[in-house]
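Just input39.tsv here, TSV, C-alpha atoms and all ligand atoms:
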chain	number	residue	atom	x	y	z
A	1	MET	CA	-15.51	16.99	-3.73
A	2	LYS	CA	-12.57	14.62	-4.07
A	3	THR	CA	-11.55	12.14	-1.37
A	4	ILE	CA	-7.96	11.09	-0.79
A	5	LEU	CA	-7.39	8.11	1.42
A	6	ILE	CA	-3.86	7.19	2.44
A	7	PHE	CA	-3.37	3.61	3.57
A	8	PHE	CA	-0.63	2.87	6.09
A	9	GLY	CA	0.46	-0.48	7.44
A	10	PRO	CA	3.50	-2.75	7.49
A	11	PRO	CA	4.41	-4.78	4.40
A	12	GLY	CA	2.03	-7.73	4.29
A	13	SER	CA	-0.66	-6.03	6.39
A	14	GLY	CA	-3.16	-6.53	3.56
A	15	LYS	CA	-3.47	-2.81	2.86
A	16	GLY	CA	-3.03	-3.45	-0.88
A	17	THR	CA	-5.92	-5.92	-0.84
A	18	GLN	CA	-8.08	-3.47	1.11
A	19	ALA	CA	-7.12	-0.64	-1.24
A	20	ASP	CA	-8.22	-2.80	-4.21
A	21	LEU	CA	-11.54	-3.70	-2.57
A	22	LEU	CA	-12.23	-0.07	-1.74
A	23	SER	CA	-11.27	1.04	-5.23
A	24	GLN	CA	-13.74	-1.50	-6.72
A	25	LYS	CA	-16.47	-0.29	-4.38
A	26	THR	CA	-15.97	3.47	-4.84
A	27	GLY	CA	-14.33	3.83	-8.25
A	28	TRP	CA	-11.52	5.84	-6.62
A	29	LYS	CA	-8.19	5.26	-8.31
A	30	LYS	CA	-5.52	3.34	-6.43
A	31	ILE	CA	-1.98	4.69	-6.48
A	32	SER	CA	0.40	1.95	-5.37
A	33	THR	CA	4.03	2.99	-5.66
A	34	GLY	CA	5.09	-0.67	-5.27
A	35	ASP	CA	2.93	-1.66	-8.30
A	36	LEU	CA	4.10	1.35	-10.32
A	37	LEU	CA	7.74	0.49	-9.60
A	38	ARG	CA	7.21	-3.21	-10.41
A	39	SER	CA	5.72	-2.23	-13.81
A	40	GLU	CA	8.76	-0.03	-14.45
A	41	THR	CA	11.16	-2.86	-13.61
A	42	ALA	CA	9.17	-5.29	-15.80
A	43	LEU	CA	9.44	-2.77	-18.66
A	44	LYS	CA	13.17	-2.41	-17.93
A	45	SER	CA	12.76	1.37	-18.15
A	46	PRO	CA	15.65	3.56	-16.89
A	47	LEU	CA	13.66	4.22	-13.71
A	48	GLY	CA	12.86	0.51	-13.33
A	49	LYS	CA	16.53	-0.41	-13.67
A	50	GLN	CA	17.50	2.11	-11.00
A	51	ALA	CA	14.74	1.02	-8.62
A	52	GLU	CA	15.25	-2.72	-8.98
A	53	LYS	CA	18.36	-3.05	-6.82
A	54	TYR	CA	16.71	-1.24	-3.91
A	55	MET	CA	13.54	-3.28	-4.19
A	56	LYS	CA	15.33	-6.63	-4.29
A	57	ALA	CA	17.20	-5.70	-1.12
A	58	GLY	CA	13.98	-4.59	0.61
A	59	LYS	CA	15.30	-1.02	0.77
A	60	LEU	CA	13.36	2.17	0.07
A	61	VAL	CA	13.76	3.50	-3.45
A	62	PRO	CA	15.20	7.07	-3.33
A	63	ASP	CA	12.44	9.68	-2.92
A	64	LYS	CA	13.41	11.63	-6.04
A	65	LEU	CA	12.69	8.61	-8.27
A	66	LEU	CA	9.11	8.49	-7.02
A	67	ILE	CA	7.91	12.09	-7.11
A	68	ASP	CA	7.22	12.21	-10.87
A	69	LEU	CA	5.47	8.82	-10.79
A	70	VAL	CA	3.14	10.01	-8.02
A	71	ALA	CA	2.56	13.46	-9.55
A	72	LYS	CA	1.63	11.83	-12.89
A	73	SER	CA	-0.81	9.45	-11.20
A	74	LEU	CA	-2.51	12.35	-9.44
A	75	LYS	CA	-3.45	13.83	-12.83
A	76	GLN	CA	-5.97	11.02	-13.52
A	77	LYS	CA	-9.62	12.07	-13.67
A	78	THR	CA	-11.42	10.55	-10.69
A	79	GLU	CA	-13.54	11.36	-7.65
A	80	GLY	CA	-10.94	9.99	-5.29
A	81	PHE	CA	-7.50	8.49	-4.83
A	82	ILE	CA	-6.36	5.66	-2.61
A	83	PHE	CA	-2.66	5.69	-1.75
A	84	ASP	CA	-1.03	2.35	-1.03
A	85	GLY	CA	2.64	2.42	-0.02
A	86	TYR	CA	3.18	6.19	-0.29
A	87	PRO	CA	4.25	8.20	1.69
A	88	ARG	CA	6.68	5.97	3.53
A	89	ASN	CA	8.81	8.61	5.28
A	90	ILE	CA	8.53	12.22	6.40
A	91	GLU	CA	10.21	13.58	3.23
A	92	GLN	CA	7.65	11.79	1.06
A	93	GLN	CA	4.88	13.10	3.31
A	94	LYS	CA	6.16	16.65	2.73
A	95	ALA	CA	6.41	16.07	-1.04
A	96	LEU	CA	2.84	14.74	-1.08
A	97	SER	CA	1.53	17.67	0.95
A	98	ASN	CA	3.14	20.02	-1.62
A	99	MET	CA	1.46	18.14	-4.47
A	100	PHE	CA	-1.89	18.33	-2.64
A	101	GLU	CA	-1.49	22.06	-2.17
A	102	LYS	CA	-1.11	22.45	-5.91
A	103	CYS	CA	-3.87	20.15	-7.12
A	104	LEU	CA	-6.55	19.87	-4.40
A	105	LYS	CA	-9.53	22.16	-3.92
A	106	LYS	CA	-10.86	23.55	-0.63
A	107	ASN	CA	-13.63	20.97	-0.25
A	108	ASP	CA	-11.44	17.96	-0.99
A	109	GLN	CA	-10.94	15.63	1.95
A	110	VAL	CA	-7.75	13.82	2.94
A	111	VAL	CA	-7.73	11.09	5.59
A	112	SER	CA	-5.34	8.29	6.49
A	113	LEU	CA	-6.02	4.75	7.58
A	114	LEU	CA	-3.66	2.43	9.45
A	115	VAL	CA	-4.09	-1.33	8.97
A	116	ASP	CA	-2.51	-2.44	12.23
A	117	VAL	CA	-0.76	-5.86	12.28
A	118	SER	CA	1.95	-7.16	14.66
A	119	ASP	CA	5.44	-8.02	13.41
A	120	LYS	CA	4.96	-11.66	14.45
A	121	GLU	CA	1.87	-12.00	12.26
A	122	ILE	CA	3.59	-10.22	9.34
A	123	LYS	CA	6.57	-12.59	9.41
A	124	HIS	CA	4.22	-15.57	9.37
A	125	ARG	CA	2.08	-14.16	6.56
A	126	LEU	CA	4.83	-13.09	4.19
A	127	SER	CA	6.70	-16.38	4.43
A	128	GLN	CA	3.51	-18.04	3.14
A	129	ARG	CA	2.85	-15.56	0.32
A	130	ARG	CA	3.18	-16.70	-3.30
A	131	VAL	CA	2.69	-14.43	-6.28
A	132	CYS	CA	2.25	-14.68	-10.04
A	133	SER	CA	3.62	-12.34	-12.69
A	134	CYS	CA	-0.02	-11.63	-13.72
A	135	GLY	CA	-0.50	-9.89	-10.35
A	136	ALA	CA	-2.46	-12.63	-8.56
A	137	ILE	CA	-1.48	-13.15	-4.90
A	138	TYR	CA	-1.94	-16.35	-2.85
A	139	HIS	CA	-1.39	-17.46	0.74
A	140	LEU	CA	-0.45	-21.11	1.18
A	141	LYS	CA	-2.87	-21.53	4.09
A	142	TYR	CA	-5.62	-18.92	3.77
A	143	ASN	CA	-5.87	-18.52	0.00
A	144	PRO	CA	-4.02	-21.41	-1.69
A	145	PRO	CA	-4.09	-21.94	-5.47
A	146	ILE	CA	-6.23	-24.88	-6.70
A	147	ASN	CA	-3.16	-26.62	-8.17
A	148	LYS	CA	-0.03	-26.45	-6.03
A	149	GLY	CA	2.43	-23.82	-7.27
A	150	ILE	CA	0.29	-22.85	-10.30
A	151	CYS	CA	-1.72	-19.64	-10.77
A	152	ASP	CA	-5.51	-20.18	-10.95
A	153	VAL	CA	-5.90	-17.18	-13.26
A	154	CYS	CA	-3.23	-17.69	-15.92
A	155	ARG	CA	-1.67	-21.12	-15.11
A	156	GLN	CA	1.86	-19.71	-14.81
A	157	LYS	CA	4.25	-20.92	-12.10
A	158	LEU	CA	3.97	-19.08	-8.76
A	159	PHE	CA	7.04	-17.67	-7.06
A	160	ILE	CA	8.20	-16.01	-3.82
A	161	ARG	CA	8.83	-12.27	-4.24
A	162	ASP	CA	12.54	-11.55	-3.69
A	163	ASP	CA	11.63	-9.14	-0.91
A	164	ASP	CA	9.51	-11.77	0.89
A	165	GLU	CA	12.57	-13.85	1.81
A	166	PRO	CA	12.79	-14.01	5.67
A	167	LYS	CA	16.01	-11.96	5.99
A	168	ILE	CA	14.58	-9.24	3.78
A	169	ILE	CA	11.25	-9.24	5.65
A	170	ASN	CA	13.04	-8.38	8.91
A	171	HIS	CA	14.81	-5.54	7.16
A	172	ARG	CA	11.57	-4.19	5.63
A	173	LEU	CA	9.88	-4.23	9.04
A	174	LYS	CA	12.77	-2.33	10.58
A	175	ILE	CA	12.56	0.31	7.85
A	176	TYR	CA	8.79	0.52	8.32
A	177	HIS	CA	9.06	1.18	12.07
A	178	GLN	CA	11.84	3.73	11.65
A	179	ASN	CA	10.45	5.70	8.73
A	180	SER	CA	6.69	5.36	8.60
A	181	GLU	CA	5.70	5.51	12.24
A	182	PRO	CA	6.67	9.21	12.60
A	183	ILE	CA	4.15	9.97	9.83
A	184	PHE	CA	1.29	8.46	11.86
A	185	ASP	CA	2.04	10.93	14.67
A	186	TYR	CA	1.45	13.75	12.22
A	187	TRP	CA	-1.91	12.31	11.07
A	188	GLN	CA	-2.94	11.49	14.61
A	189	GLN	CA	-2.20	15.03	15.78
A	190	ILE	CA	-4.44	16.53	13.13
A	191	GLY	CA	-7.16	13.99	14.02
A	192	LYS	CA	-7.18	12.30	10.63
A	193	LEU	CA	-5.89	8.82	11.37
A	194	ILE	CA	-8.36	5.92	11.31
A	195	LYS	CA	-7.00	2.76	12.95
A	196	ILE	CA	-8.24	-0.69	11.92
A	197	ASN	CA	-7.28	-4.04	13.40
A	198	GLY	CA	-5.65	-5.82	10.43
A	199	GLU	CA	-5.62	-9.21	12.14
A	200	GLN	CA	-9.19	-10.02	11.10
A	201	PRO	CA	-10.69	-11.69	8.01
A	202	ILE	CA	-10.39	-9.61	4.81
A	203	ALA	CA	-14.17	-9.13	4.44
A	204	LYS	CA	-14.53	-7.91	8.03
A	205	ILE	CA	-11.73	-5.36	7.64
A	206	HIS	CA	-13.32	-4.12	4.41
A	207	LYS	CA	-16.67	-3.72	6.15
A	208	GLU	CA	-15.08	-1.78	9.02
A	209	ILE	CA	-13.31	0.53	6.59
A	210	LEU	CA	-16.58	1.26	4.76
A	211	GLN	CA	-18.31	1.92	8.08
A	212	LYS	CA	-15.63	4.39	9.20
A	213	LEU	CA	-15.76	6.23	5.87
A	214	LYS	CA	-19.52	6.38	6.12
A	215	GLU	CA	-19.30	7.87	9.62
A	216	LEU	CA	-16.98	10.54	8.21
A	217	LYS	CA	-19.52	11.16	5.42
A	218	LEU	CA	-16.89	10.31	2.80
A	219	ILE	CA	-19.06	7.61	1.22
A	220	ILE	CA	-22.77	6.81	1.10
A	221	LEU	CA	-23.57	3.10	1.45
B	1	LIG	P1	5.32	-2.63	-1.76
B	1	LIG	O1	4.68	-3.43	-2.85
B	1	LIG	O2	4.52	-1.41	-1.39
B	1	LIG	O3	5.69	-3.48	-0.56
B	1	LIG	O4	6.69	-2.05	-2.34
B	1	LIG	C1	7.72	-2.91	-2.80
B	1	LIG	C2	9.05	-2.19	-2.80
B	1	LIG	O5	8.98	-1.05	-3.68
B	1	LIG	C3	9.48	-1.62	-1.46
B	1	LIG	O6	10.12	-2.57	-0.62
B	1	LIG	C4	10.44	-0.50	-1.90
B	1	LIG	O7	11.68	-1.02	-2.33
B	1	LIG	C5	9.72	0.04	-3.15
B	1	LIG	N1	8.77	1.12	-2.77
B	1	LIG	C6	7.41	1.10	-2.89
B	1	LIG	N2	6.86	2.23	-2.44
B	1	LIG	C7	7.91	3.01	-2.02
B	1	LIG	C8	8.02	4.30	-1.43
B	1	LIG	N3	6.94	5.04	-1.15
B	1	LIG	N4	9.26	4.76	-1.14
B	1	LIG	C9	10.36	4.05	-1.41
B	1	LIG	N5	10.34	2.82	-1.92
B	1	LIG	C10	9.13	2.29	-2.25
As structure tokens - that is how I would like this structure written.
Amino acid sequence: MKTILIFFGPPGSGKGTQADLLSQKTGWKKISTGDLLRSETALKSPLGKQAEKYMKAGKLVPDKLLIDLVAKSLKQKTEGFIFDGYPRNIEQQKALSNMFEKCLKKNDQVVSLLVDVSDKEIKHRLSQRRVCSCGAIYHLKYNPPINKGICDVCRQKLFIRDDDEPKIINHRLKIYHQNSEPIFDYWQQIGKLIKINGEQPIAKIHKEILQKLKELKLIIL
């Protein structure tokens, strides 16, 4: 049996962090479309070049650029997948359901999980986020680097992601509410949406997620 867990939540809700923690715990592979696209832009691939302008502006990358990336990721050998940042609109949800129909078996389980955080908290969090090109992420208050502005892991200079600039954050939140919220209705209606309060410490959220998955018999602790 394979488990597919789809994380939902606004940008900056910490769903990426939770997806990583869960992936470490279960061995399930994380599929983050944001990470996949950032690797493509770093490689300056044709796809990366096309995606970059949308990403910098905080806009959604066109659906057709993502389908192959996601379909390729789903071919990995694993007992489970954790989606982070996909699907983000109804069209992507439909595309994903089609992919599932082709590659999932009868016993495989799909559930979704919403990391719920208010807009006010998101704006505060993202303005304090600093990142490194090695992938490390810091928060100036809750998870600051040891030396100001320098990555603890690789000693490179930290920077603010283009799409974390305040004007862009507002735009990303607007897109999130318009496009992603209709997807939750779908998951709620079929009784497969787990809601978690994302305004709690990281470890507590992780524990709650594990507990919910245990209750659903998707993991054994
Ligand atoms: P993230 O790291 O998930 O916040 O994604 C960063 C940026 O990548 C987003 O603001 C979008 O420009 C792009 N992106 C990531 N996932 C998707 C998606 N599912 N659909 C469209 N654009 C995406």
(message) Residues near stretch 44-48 of chain A, anyone? I mean within 10 Å using only C-alpha atoms, not counting same-chain ones fewer than 5 positions away, as a ChimeraX atom specification.
(response) /A:36-39,53,55,65-66,69
For stretch 131-135 of chain A, take all atoms listed in the file, fit an axis-aligned box around them, add 6 Å to each of the six sides, then output centre and edge lengths in Å rounded to one decimal, as JSON.
{"center_x": 1.6, "center_y": -12.3, "center_z": -10.0, "size_x": 16.1, "size_y": 16.8, "size_z": 19.4}
Could I get the residue neighbourhood of ligand LIG 1 (chain B) at 9 Å, counting all atoms listed in the file, as an mmCIF file with C-alpha atoms, keeping the file's coordinate frame?
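Wrote it out as pocket_25.cif, contents follow:
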data_model
loop_
_atom_site.group_PDB
_atom_site.id
_atom_site.type_symbol
_atom_site.label_atom_id
_atom_site.label_comp_id
_atom_site.auth_asym_id
_atom_site.auth_seq_id
_atom_site.Cartn_x
_atom_site.Cartn_y
_atom_site.Cartn_z
ATOM 1 C CA PRO A 10 3.500 -2.750 7.490
ATOM 2 C CA PRO A 11 4.410 -4.780 4.400
ATOM 3 C CA GLY A 12 2.030 -7.730 4.290
ATOM 4 C CA GLY A 16 -3.030 -3.450 -0.880
ATOM 5 C CA SER A 32 0.400 1.950 -5.370
ATOM 6 C CA THR A 33 4.030 2.990 -5.660
ATOM 7 C CA GLY A 34 5.090 -0.670 -5.270
ATOM 8 C CA ASP A 35 2.930 -1.660 -8.300
ATOM 9 C CA LEU A 36 4.100 1.350 -10.320
ATOM 10 C CA LEU A 37 7.740 0.490 -9.600
ATOM 11 C CA ARG A 38 7.210 -3.210 -10.410
ATOM 12 C CA ALA A 51 14.740 1.020 -8.620
ATOM 13 C CA GLU A 52 15.250 -2.720 -8.980
ATOM 14 C CA LYS A 53 18.360 -3.050 -6.820
ATOM 15 C CA TYR A 54 16.710 -1.240 -3.910
ATOM 16 C CA MET A 55 13.540 -3.280 -4.190
ATOM 17 C CA LYS A 56 15.330 -6.630 -4.290
ATOM 18 C CA ALA A 57 17.200 -5.700 -1.120
ATOM 19 C CA GLY A 58 13.980 -4.590 0.610
ATOM 20 C CA LYS A 59 15.300 -1.020 0.770
ATOM 21 C CA LEU A 60 13.360 2.170 0.070
ATOM 22 C CA VAL A 61 13.760 3.500 -3.450
ATOM 23 C CA PRO A 62 15.200 7.070 -3.330
ATOM 24 C CA ASP A 63 12.440 9.680 -2.920
ATOM 25 C CA LEU A 65 12.690 8.610 -8.270
ATOM 26 C CA LEU A 66 9.110 8.490 -7.020
ATOM 27 C CA ASP A 84 -1.030 2.350 -1.030
ATOM 28 C CA GLY A 85 2.640 2.420 -0.020
ATOM 29 C CA TYR A 86 3.180 6.190 -0.290
ATOM 30 C CA PRO A 87 4.250 8.200 1.690
ATOM 31 C CA ARG A 88 6.680 5.970 3.530
ATOM 32 C CA ASN A 89 8.810 8.610 5.280
ATOM 33 C CA GLN A 92 7.650 11.790 1.060
ATOM 34 C CA ASP A 163 11.630 -9.140 -0.910
ATOM 35 C CA ARG A 172 11.570 -4.190 5.630
#
(request) Could you check how far atom CA of A:Asn98 sits from atom CA of A:Ile67, in Å to one decimal? (result)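 Pair atom CA of A:Asn98 / atom CA of A:Ile67 returns 10.8 Å.
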(message) Taking all atoms listed in the file into account, name the residue in A:His124, A:Lys157, A:Lys212, A:Arg130 that is nearest to A:Ile169.
(response)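 Among the listed residues, A:His124 lies closest to A:Ile169.
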Could I get the residues of stretch 18-86 of chain A with an atom no further than 12 Å from an atom of stretch 100-110 of chain A, each paired with its nearest atom pair and that distance in Å to one decimal, using only C-alpha atoms, sorted by chain and residue number, as CSV?
residue,atom,partner,partner_atom,distance
A:Val70,CA,A:Phe100,CA,11.1
A:Ala71,CA,A:Phe100,CA,9.6
A:Lys72,CA,A:Cys103,CA,11.5
A:Ser73,CA,A:Cys103,CA,11.9
A:Leu74,CA,A:Cys103,CA,8.3
A:Lys75,CA,A:Cys103,CA,8.5
A:Gln76,CA,A:Cys103,CA,11.3
A:Lys77,CA,A:Cys103,CA,11.9
A:Glu79,CA,A:Asp108,CA,9.6
A:Gly80,CA,A:Asp108,CA,9.1
A:Phe81,CA,A:Val110,CA,9.4
A:Ile82,CA,A:Val110,CA,10.0
A:Phe83,CA,A:Val110,CA,10.7
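Between A:Leu158 and the candidates A:Arg129, A:Lys141, A:Lys192, A:His171, the tightest atom-to-atom separation, counting only C-alpha atoms, involves A:Arg129.
We find atom CA of A:Gln128 and atom CA of A:Asp164 to be spaced 9.0 Å apart.
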(message) Give me the residues near stretch 132-137 of chain A as a VMD selection string, where near means some atom within 9 Å (using only C-alpha atoms) and where sequence neighbours in that chain fewer than 6 positions away do not count.
(response) chain A and resid 143 150 to 154 156 to 160
(request) Record the distance separating atom CA of A:Gly191 and atom CA of A:Trp28, expressed in Å with one decimal. (result)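 Result for atom CA of A:Gly191 versus atom CA of A:Trp28: 22.6 Å, one decimal.
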(message) Which residues are close to A:Lys25, i.e. within 12 Å by all atoms listed in the file, leaving aside same-chain residues fewer than 4 positions away? Reply as a PyMOL selection string.
(response) chain A and resi 18-21+29-30+80+82+206-207+209-210+219-221
Produce a file of the selected residues containing C-alpha atoms, as an mmCIF file, in the frame of the given file.
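Result file is selection31.cif:
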data_model
loop_
_atom_site.group_PDB
_atom_site.id
_atom_site.type_symbol
_atom_site.label_atom_id
_atom_site.label_comp_id
_atom_site.auth_asym_id
_atom_site.auth_seq_id
_atom_site.Cartn_x
_atom_site.Cartn_y
_atom_site.Cartn_z
ATOM 1 C CA GLN A 18 -8.080 -3.470 1.110
ATOM 2 C CA ALA A 19 -7.120 -0.640 -1.240
ATOM 3 C CA ASP A 20 -8.220 -2.800 -4.210
ATOM 4 C CA LEU A 21 -11.540 -3.700 -2.570
ATOM 5 C CA LYS A 29 -8.190 5.260 -8.310
ATOM 6 C CA LYS A 30 -5.520 3.340 -6.430
ATOM 7 C CA GLY A 80 -10.940 9.990 -5.290
ATOM 8 C CA ILE A 82 -6.360 5.660 -2.610
ATOM 9 C CA HIS A 206 -13.320 -4.120 4.410
ATOM 10 C CA LYS A 207 -16.670 -3.720 6.150
ATOM 11 C CA ILE A 209 -13.310 0.530 6.590
ATOM 12 C CA LEU A 210 -16.580 1.260 4.760
ATOM 13 C CA ILE A 219 -19.060 7.610 1.220
ATOM 14 C CA ILE A 220 -22.770 6.810 1.100
ATOM 15 C CA LEU A 221 -23.570 3.100 1.450
#
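Each of A:Lys120, A:Met99, A:Ser13, A:Val111 was compared to A:Trp187 using all atoms listed in the file, and A:Val111 turns out to be the nearest.
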